[in-house]
Amino acid sequence: MGKYQKLIVAVVVVGILIGAVTHMLKLQSTVMALKAENEQLVDENAVLSIDLELARQEAQLGTKPPATPQQPKFAYLTFDDGPSANTEKILDILKQHDVKATFFVIGSETEYSKHTYQRIVEEGHAIGLHGYDHVYANIYQSEDAFMDSMYKLRDLVEANTGVKPDIMRFPGGSNTTFSTKYGGQGLAAKLAARIHDEGMQYFDWNVSSQDATRPLVDTQVIIDSTLRGAQGRNQAIVLLHDAPAKKTTVEALPAIIEGLKSQGYTFEVLKRDTPPAHFRLP
Ligand SMILES: [Zn+2]
């Protein structure tokens, strides 16, 4: 190798190193910001700690695979934590735009909730399990506690809709630290195996609307996070929330739908055999 070639190689190597270090520093500053936010909010209440857990996961979303231009693009809008006072509004918007979505519901036996489960199914959306309750300290106590919560919810949904859900989402996502905190190391892996053994599939997400990173997120932030996250993919599984406080999620929904359409997406519901997004288990 000549002197100049060596020099060029050296310059390239230094360039790559600078790039890598810059990237690491960026990631580190994101994590530091999340940590700072965490410390500030940690004592306020349990709902906020759920929000922060999701914020932590934002930083973990993997790098996206390169898009394959010829292949179809499917978007899966997923709404966690309903039924809520917002479910009807979400369903109305989906109907106006002729879009089907997936609802990972929790257990509620009010007449409104039962009607809402029915409406989700009648209007062609998918209904999946998110746990009869969403209290981490309860559901992540043990394998049985978690599965019992899922079965109880499955029975409730089936009794009201005739549909026996075979898709689910872990409260907090499959990589939540709460499963280890309450149920010990390896609980999440045991649950994932159990879910598959019983013929069900679980879904994490690969696009976050960031609507749960704080109690009320600005509408435009939800729109931008979703549309930016969906760019360059062929499959977008979008995390959204159907909860009483999440009014801006409802406000953001029409622009999210239009934006994804203009990126070339068509909308599908999650089914057991849809290629899943899975986080690395803790
Ligand atoms: Zn949830």
# chains A, B, ... in the order shown; residues from 1 in each chain; ligands from 1
>>> residues_near_ligand(ligand="ligand 1", cutoff="10 Å", atoms="only C-alpha atoms and all ligand atoms", output="PyMOL selection string")
chain A and resi 50-51+54+79-82+104-106+130-131+133-136+169-173+212+239-243
>>> residues_around(residues="Ala126 in chain A", least_positions_apart="4", cutoff="7 Å", atoms="only C-alpha atoms", output="PyMOL selection string")
chain A and resi 101-103+121+269-270
>>> atom_distance(atom1="CA of Met150 in chain A", atom2="CA of Lys164 in chain A")
11.3 Å
>>> atom_distance(atom1="CA of Ser84 in chain A", atom2="CA of Pro215 in chain A")
15.4 Å
>>> atom_distance(atom1="CA of Leu260 in chain A", atom2="CA of Ala75 in chain A")
7.6 Å
>>> closest_residue(among="A:His125, A:Arg194, A:Lys114, A:Lys95", to="Val157 in chain A", atoms="only C-alpha atoms")
A:Lys114
>>> residues_around(residues="Asn160 in chain A", least_positions_apart="2", cutoff="12 Å", atoms="only C-alpha atoms", output="PyMOL selection string")
chain A and resi 107-122+127+153-158+162-165
>>> residues_around(residues="range 180-183 of chain A", least_positions_apart="3", cutoff="8 Å", atoms="only C-alpha atoms", output="PyMOL selection string")
chain A and resi 136-137+140-143+176-177+186-188+282
>>> closest_residue(among="A:Thr219, A:Ser174, A:Gln185, A:Thr248", to="Asp204 in chain A", atoms="only C-alpha atoms")
A:Ser174
>>> select_by_dssp(residues="range 33-261 of chain A", states="strand (DSSP E)", output="MDAnalysis selection string")
chainID A and resid 73:80 102:105 126:129 167:168 201:202 207:208 235:241
>>> write_last_selection(atoms="C-alpha atoms", output="PDB file, in the first residue's frame")
ATOM      1  CA  LYS A  73     -46.645  -1.675   2.895  1.00  0.00           C
ATOM      2  CA  PHE A  74     -48.967  -2.656   5.713  1.00  0.00           C
ATOM      3  CA  ALA A  75     -49.781  -0.464   8.695  1.00  0.00           C
ATOM      4  CA  TYR A  76     -51.332  -1.893  11.837  1.00  0.00           C
ATOM      5  CA  LEU A  77     -52.777   0.748  14.143  1.00  0.00           C
ATOM      6  CA  THR A  78     -52.936  -0.728  17.638  1.00  0.00           C
ATOM      7  CA  PHE A  79     -54.800   0.821  20.557  1.00  0.00           C
ATOM      8  CA  ASP A  80     -53.913  -0.350  24.067  1.00  0.00           C
ATOM      9  CA  THR A 102     -56.434  -3.655  16.434  1.00  0.00           C
ATOM     10  CA  PHE A 103     -57.542  -3.055  20.024  1.00  0.00           C
ATOM     11  CA  PHE A 104     -55.609  -4.654  22.884  1.00  0.00           C
ATOM     12  CA  VAL A 105     -58.232  -4.315  25.564  1.00  0.00           C
ATOM     13  CA  ALA A 126     -59.300  -7.085  15.665  1.00  0.00           C
ATOM     14  CA  ILE A 127     -59.625  -7.514  19.402  1.00  0.00           C
ATOM     15  CA  GLY A 128     -56.643  -8.746  21.402  1.00  0.00           C
ATOM     16  CA  LEU A 129     -55.820  -9.281  25.054  1.00  0.00           C
ATOM     17  CA  ILE A 167     -53.470 -12.303  19.896  1.00  0.00           C
ATOM     18  CA  MET A 168     -52.169 -10.311  22.825  1.00  0.00           C
ATOM     19  CA  GLN A 201     -49.201 -14.777  19.414  1.00  0.00           C
ATOM     20  CA  TYR A 202     -48.000 -11.625  21.161  1.00  0.00           C
ATOM     21  CA  VAL A 207     -43.482   2.441  15.561  1.00  0.00           C
ATOM     22  CA  SER A 208     -44.319   4.430  18.659  1.00  0.00           C
ATOM     23  CA  GLN A 235     -44.607  -3.171   8.059  1.00  0.00           C
ATOM     24  CA  ALA A 236     -45.551  -0.597  10.688  1.00  0.00           C
ATOM     25  CA  ILE A 237     -47.062  -1.816  13.945  1.00  0.00           C
ATOM     26  CA  VAL A 238     -48.032   1.467  15.585  1.00  0.00           C
ATOM     27  CA  LEU A 239     -48.444   1.827  19.340  1.00  0.00           C
ATOM     28  CA  LEU A 240     -51.309   4.141  20.327  1.00  0.00           C
ATOM     29  CA  HIS A 241     -53.387   4.386  23.491  1.00  0.00           C
TER      30      HIS A 241
END
>>> residues_around(residues="Arg228 in chain A", least_positions_apart="5", cutoff="12 Å", atoms="only C-alpha atoms", output="ChimeraX atom specification")
/A:64,206-210,220-223,233,236,238,256,259-260,263
>>> write_last_selection(atoms="N, CA and C atoms", output="PDB file, in the first residue's frame")
ATOM      1  N   LYS A  64     -34.320   0.204  11.887  1.00  0.00           N
ATOM      2  CA  LYS A  64     -35.274  -0.416  10.974  1.00  0.00           C
ATOM      3  C   LYS A  64     -34.569  -1.131   9.828  1.00  0.00           C
ATOM      4  N   ASN A 206     -43.230  -1.595  16.383  1.00  0.00           N
ATOM      5  CA  ASN A 206     -41.988  -1.049  15.827  1.00  0.00           C
ATOM      6  C   ASN A 206     -42.124   0.432  15.472  1.00  0.00           C
ATOM      7  N   VAL A 207     -43.300   0.990  15.712  1.00  0.00           N
ATOM      8  CA  VAL A 207     -43.482   2.441  15.561  1.00  0.00           C
ATOM      9  C   VAL A 207     -44.222   2.923  16.802  1.00  0.00           C
ATOM     10  N   SER A 208     -43.632   3.893  17.493  1.00  0.00           N
ATOM     11  CA  SER A 208     -44.319   4.430  18.659  1.00  0.00           C
ATOM     12  C   SER A 208     -44.838   5.821  18.359  1.00  0.00           C
ATOM     13  N   SER A 209     -46.105   6.035  18.692  1.00  0.00           N
ATOM     14  CA  SER A 209     -46.669   7.376  18.542  1.00  0.00           C
ATOM     15  C   SER A 209     -46.153   8.298  19.650  1.00  0.00           C
ATOM     16  N   GLN A 210     -45.501   7.706  20.646  1.00  0.00           N
ATOM     17  CA  GLN A 210     -45.019   8.434  21.833  1.00  0.00           C
ATOM     18  C   GLN A 210     -46.147   9.075  22.622  1.00  0.00           C
ATOM     19  N   GLN A 220     -49.335  17.303  17.687  1.00  0.00           N
ATOM     20  CA  GLN A 220     -48.390  17.297  16.560  1.00  0.00           C
ATOM     21  C   GLN A 220     -47.210  16.365  16.822  1.00  0.00           C
ATOM     22  N   VAL A 221     -46.811  16.235  18.070  1.00  0.00           N
ATOM     23  CA  VAL A 221     -45.714  15.313  18.411  1.00  0.00           C
ATOM     24  C   VAL A 221     -46.135  13.872  18.106  1.00  0.00           C
ATOM     25  N   ILE A 222     -47.386  13.544  18.423  1.00  0.00           N
ATOM     26  CA  ILE A 222     -47.893  12.186  18.168  1.00  0.00           C
ATOM     27  C   ILE A 222     -47.925  11.915  16.663  1.00  0.00           C
ATOM     28  N   ILE A 223     -48.395  12.893  15.914  1.00  0.00           N
ATOM     29  CA  ILE A 223     -48.450  12.744  14.452  1.00  0.00           C
ATOM     30  C   ILE A 223     -47.034  12.562  13.890  1.00  0.00           C
ATOM     31  N   ARG A 233     -40.386   1.737   6.026  1.00  0.00           N
ATOM     32  CA  ARG A 233     -40.718   0.365   6.429  1.00  0.00           C
ATOM     33  C   ARG A 233     -41.684  -0.256   5.436  1.00  0.00           C
ATOM     34  N   ALA A 236     -45.572  -1.533   9.559  1.00  0.00           N
ATOM     35  CA  ALA A 236     -45.551  -0.597  10.688  1.00  0.00           C
ATOM     36  C   ALA A 236     -46.603  -1.034  11.701  1.00  0.00           C
ATOM     37  N   VAL A 238     -48.069   0.158  14.919  1.00  0.00           N
ATOM     38  CA  VAL A 238     -48.032   1.467  15.585  1.00  0.00           C
ATOM     39  C   VAL A 238     -48.674   1.390  16.967  1.00  0.00           C
ATOM     40  N   ILE A 256     -52.689  10.997  11.194  1.00  0.00           N
ATOM     41  CA  ILE A 256     -51.863   9.780  11.145  1.00  0.00           C
ATOM     42  C   ILE A 256     -52.335   8.886   9.999  1.00  0.00           C
ATOM     43  N   GLY A 259     -51.465  10.529   6.674  1.00  0.00           N
ATOM     44  CA  GLY A 259     -50.009  10.520   6.474  1.00  0.00           C
ATOM     45  C   GLY A 259     -49.500   9.139   6.099  1.00  0.00           C
ATOM     46  N   LEU A 260     -50.010   8.124   6.752  1.00  0.00           N
ATOM     47  CA  LEU A 260     -49.577   6.752   6.431  1.00  0.00           C
ATOM     48  C   LEU A 260     -50.060   6.360   5.034  1.00  0.00           C
ATOM     49  N   GLN A 263     -47.796   7.719   2.582  1.00  0.00           N
ATOM     50  CA  GLN A 263     -46.526   6.974   2.507  1.00  0.00           C
ATOM     51  C   GLN A 263     -46.703   5.631   1.781  1.00  0.00           C
TER      52      GLN A 263
END
>>> select_by_dssp(residues="range 52-217 of chain A", states="helix (DSSP H, G or I)", output="PyMOL selection string")
chain A and resi 52-58+87-96+111-122+136-139+143-161+177-183+187-197
>>> write_last_selection(atoms="C-alpha atoms", output="mmCIF file, in the first residue's frame")
data_model
loop_
_atom_site.group_PDB
_atom_site.id
_atom_site.type_symbol
_atom_site.label_atom_id
_atom_site.label_comp_id
_atom_site.auth_asym_id
_atom_site.auth_seq_id
_atom_site.Cartn_x
_atom_site.Cartn_y
_atom_site.Cartn_z
ATOM 1 C CA LEU A 52 -41.954 6.365 31.932
ATOM 2 C CA GLU A 53 -41.574 2.681 31.293
ATOM 3 C CA LEU A 54 -42.834 3.341 27.779
ATOM 4 C CA ALA A 55 -40.477 6.282 27.464
ATOM 5 C CA ARG A 56 -37.604 3.981 28.322
ATOM 6 C CA GLN A 57 -38.715 1.650 25.561
ATOM 7 C CA GLU A 58 -38.720 4.451 23.010
ATOM 8 C CA THR A 87 -63.032 4.375 22.197
ATOM 9 C CA GLU A 88 -66.252 5.521 20.528
ATOM 10 C CA LYS A 89 -64.483 8.552 19.053
ATOM 11 C CA ILE A 90 -61.633 6.383 17.786
ATOM 12 C CA LEU A 91 -64.107 3.951 16.221
ATOM 13 C CA ASP A 92 -65.974 6.832 14.566
ATOM 14 C CA ILE A 93 -62.771 8.197 13.021
ATOM 15 C CA LEU A 94 -61.711 4.741 11.803
ATOM 16 C CA LYS A 95 -65.142 4.287 10.240
ATOM 17 C CA GLN A 96 -65.021 7.684 8.510
ATOM 18 C CA GLU A 111 -72.438 -1.944 30.046
ATOM 19 C CA TYR A 112 -70.475 0.677 28.134
ATOM 20 C CA SER A 113 -67.409 -1.560 27.994
ATOM 21 C CA LYS A 114 -69.359 -4.617 26.927
ATOM 22 C CA HIS A 115 -70.992 -2.586 24.186
ATOM 23 C CA THR A 116 -67.573 -1.286 23.180
ATOM 24 C CA TYR A 117 -66.071 -4.780 22.840
ATOM 25 C CA GLN A 118 -69.037 -5.617 20.613
ATOM 26 C CA ARG A 119 -68.682 -2.523 18.514
ATOM 27 C CA ILE A 120 -64.962 -3.175 17.945
ATOM 28 C CA VAL A 121 -65.759 -6.636 16.604
ATOM 29 C CA GLU A 122 -68.887 -5.678 14.643
ATOM 30 C CA TYR A 136 -47.942 -4.725 36.954
ATOM 31 C CA ALA A 137 -47.562 -5.847 40.572
ATOM 32 C CA ASN A 138 -50.485 -8.248 40.076
ATOM 33 C CA ILE A 139 -50.068 -9.623 36.585
ATOM 34 C CA GLU A 143 -46.727 -17.185 35.250
ATOM 35 C CA ASP A 144 -50.115 -18.293 36.583
ATOM 36 C CA ALA A 145 -51.147 -14.798 37.670
ATOM 37 C CA PHE A 146 -50.382 -13.483 34.190
ATOM 38 C CA MET A 147 -52.116 -16.310 32.322
ATOM 39 C CA ASP A 148 -55.141 -16.224 34.651
ATOM 40 C CA SER A 149 -55.535 -12.532 33.880
ATOM 41 C CA MET A 150 -55.417 -13.296 30.145
ATOM 42 C CA TYR A 151 -57.890 -16.200 30.395
ATOM 43 C CA LYS A 152 -60.312 -14.146 32.482
ATOM 44 C CA LEU A 153 -60.220 -11.386 29.889
ATOM 45 C CA ARG A 154 -60.487 -13.860 27.007
ATOM 46 C CA ASP A 155 -63.644 -15.325 28.574
ATOM 47 C CA LEU A 156 -65.134 -11.863 29.059
ATOM 48 C CA VAL A 157 -64.450 -10.847 25.457
ATOM 49 C CA GLU A 158 -65.717 -14.142 24.094
ATOM 50 C CA ALA A 159 -68.918 -13.971 26.162
ATOM 51 C CA ASN A 160 -69.658 -10.506 24.784
ATOM 52 C CA THR A 161 -68.501 -10.788 21.194
ATOM 53 C CA THR A 177 -38.643 -4.428 33.489
ATOM 54 C CA PHE A 178 -41.745 -4.962 35.631
ATOM 55 C CA SER A 179 -41.944 -8.674 34.811
ATOM 56 C CA THR A 180 -38.472 -9.156 36.281
ATOM 57 C CA LYS A 181 -39.155 -6.786 39.154
ATOM 58 C CA TYR A 182 -42.262 -8.638 40.319
ATOM 59 C CA GLY A 183 -41.905 -12.136 38.869
ATOM 60 C CA LEU A 187 -40.577 -14.673 33.706
ATOM 61 C CA ALA A 188 -41.082 -12.891 30.373
ATOM 62 C CA ALA A 189 -39.419 -15.734 28.460
ATOM 63 C CA LYS A 190 -41.596 -18.283 30.255
ATOM 64 C CA LEU A 191 -44.697 -16.250 29.413
ATOM 65 C CA ALA A 192 -43.698 -15.903 25.760
ATOM 66 C CA ALA A 193 -43.215 -19.682 25.509
ATOM 67 C CA ARG A 194 -46.508 -20.338 27.258
ATOM 68 C CA ILE A 195 -48.377 -17.959 24.939
ATOM 69 C CA HIS A 196 -46.984 -19.728 21.880
ATOM 70 C CA ASP A 197 -47.634 -23.191 23.368
#
>>> closest_residue(among="A:Gln71, A:Asn234, A:Gln5, A:Asn175", to="Pro275 in chain A", atoms="only C-alpha atoms")
A:Asn234
>>> closest_residue(among="A:Ala10, A:Leu281, A:Ala245, A:Leu227", to="Arg214 in chain A", atoms="only C-alpha atoms")
A:Ala245
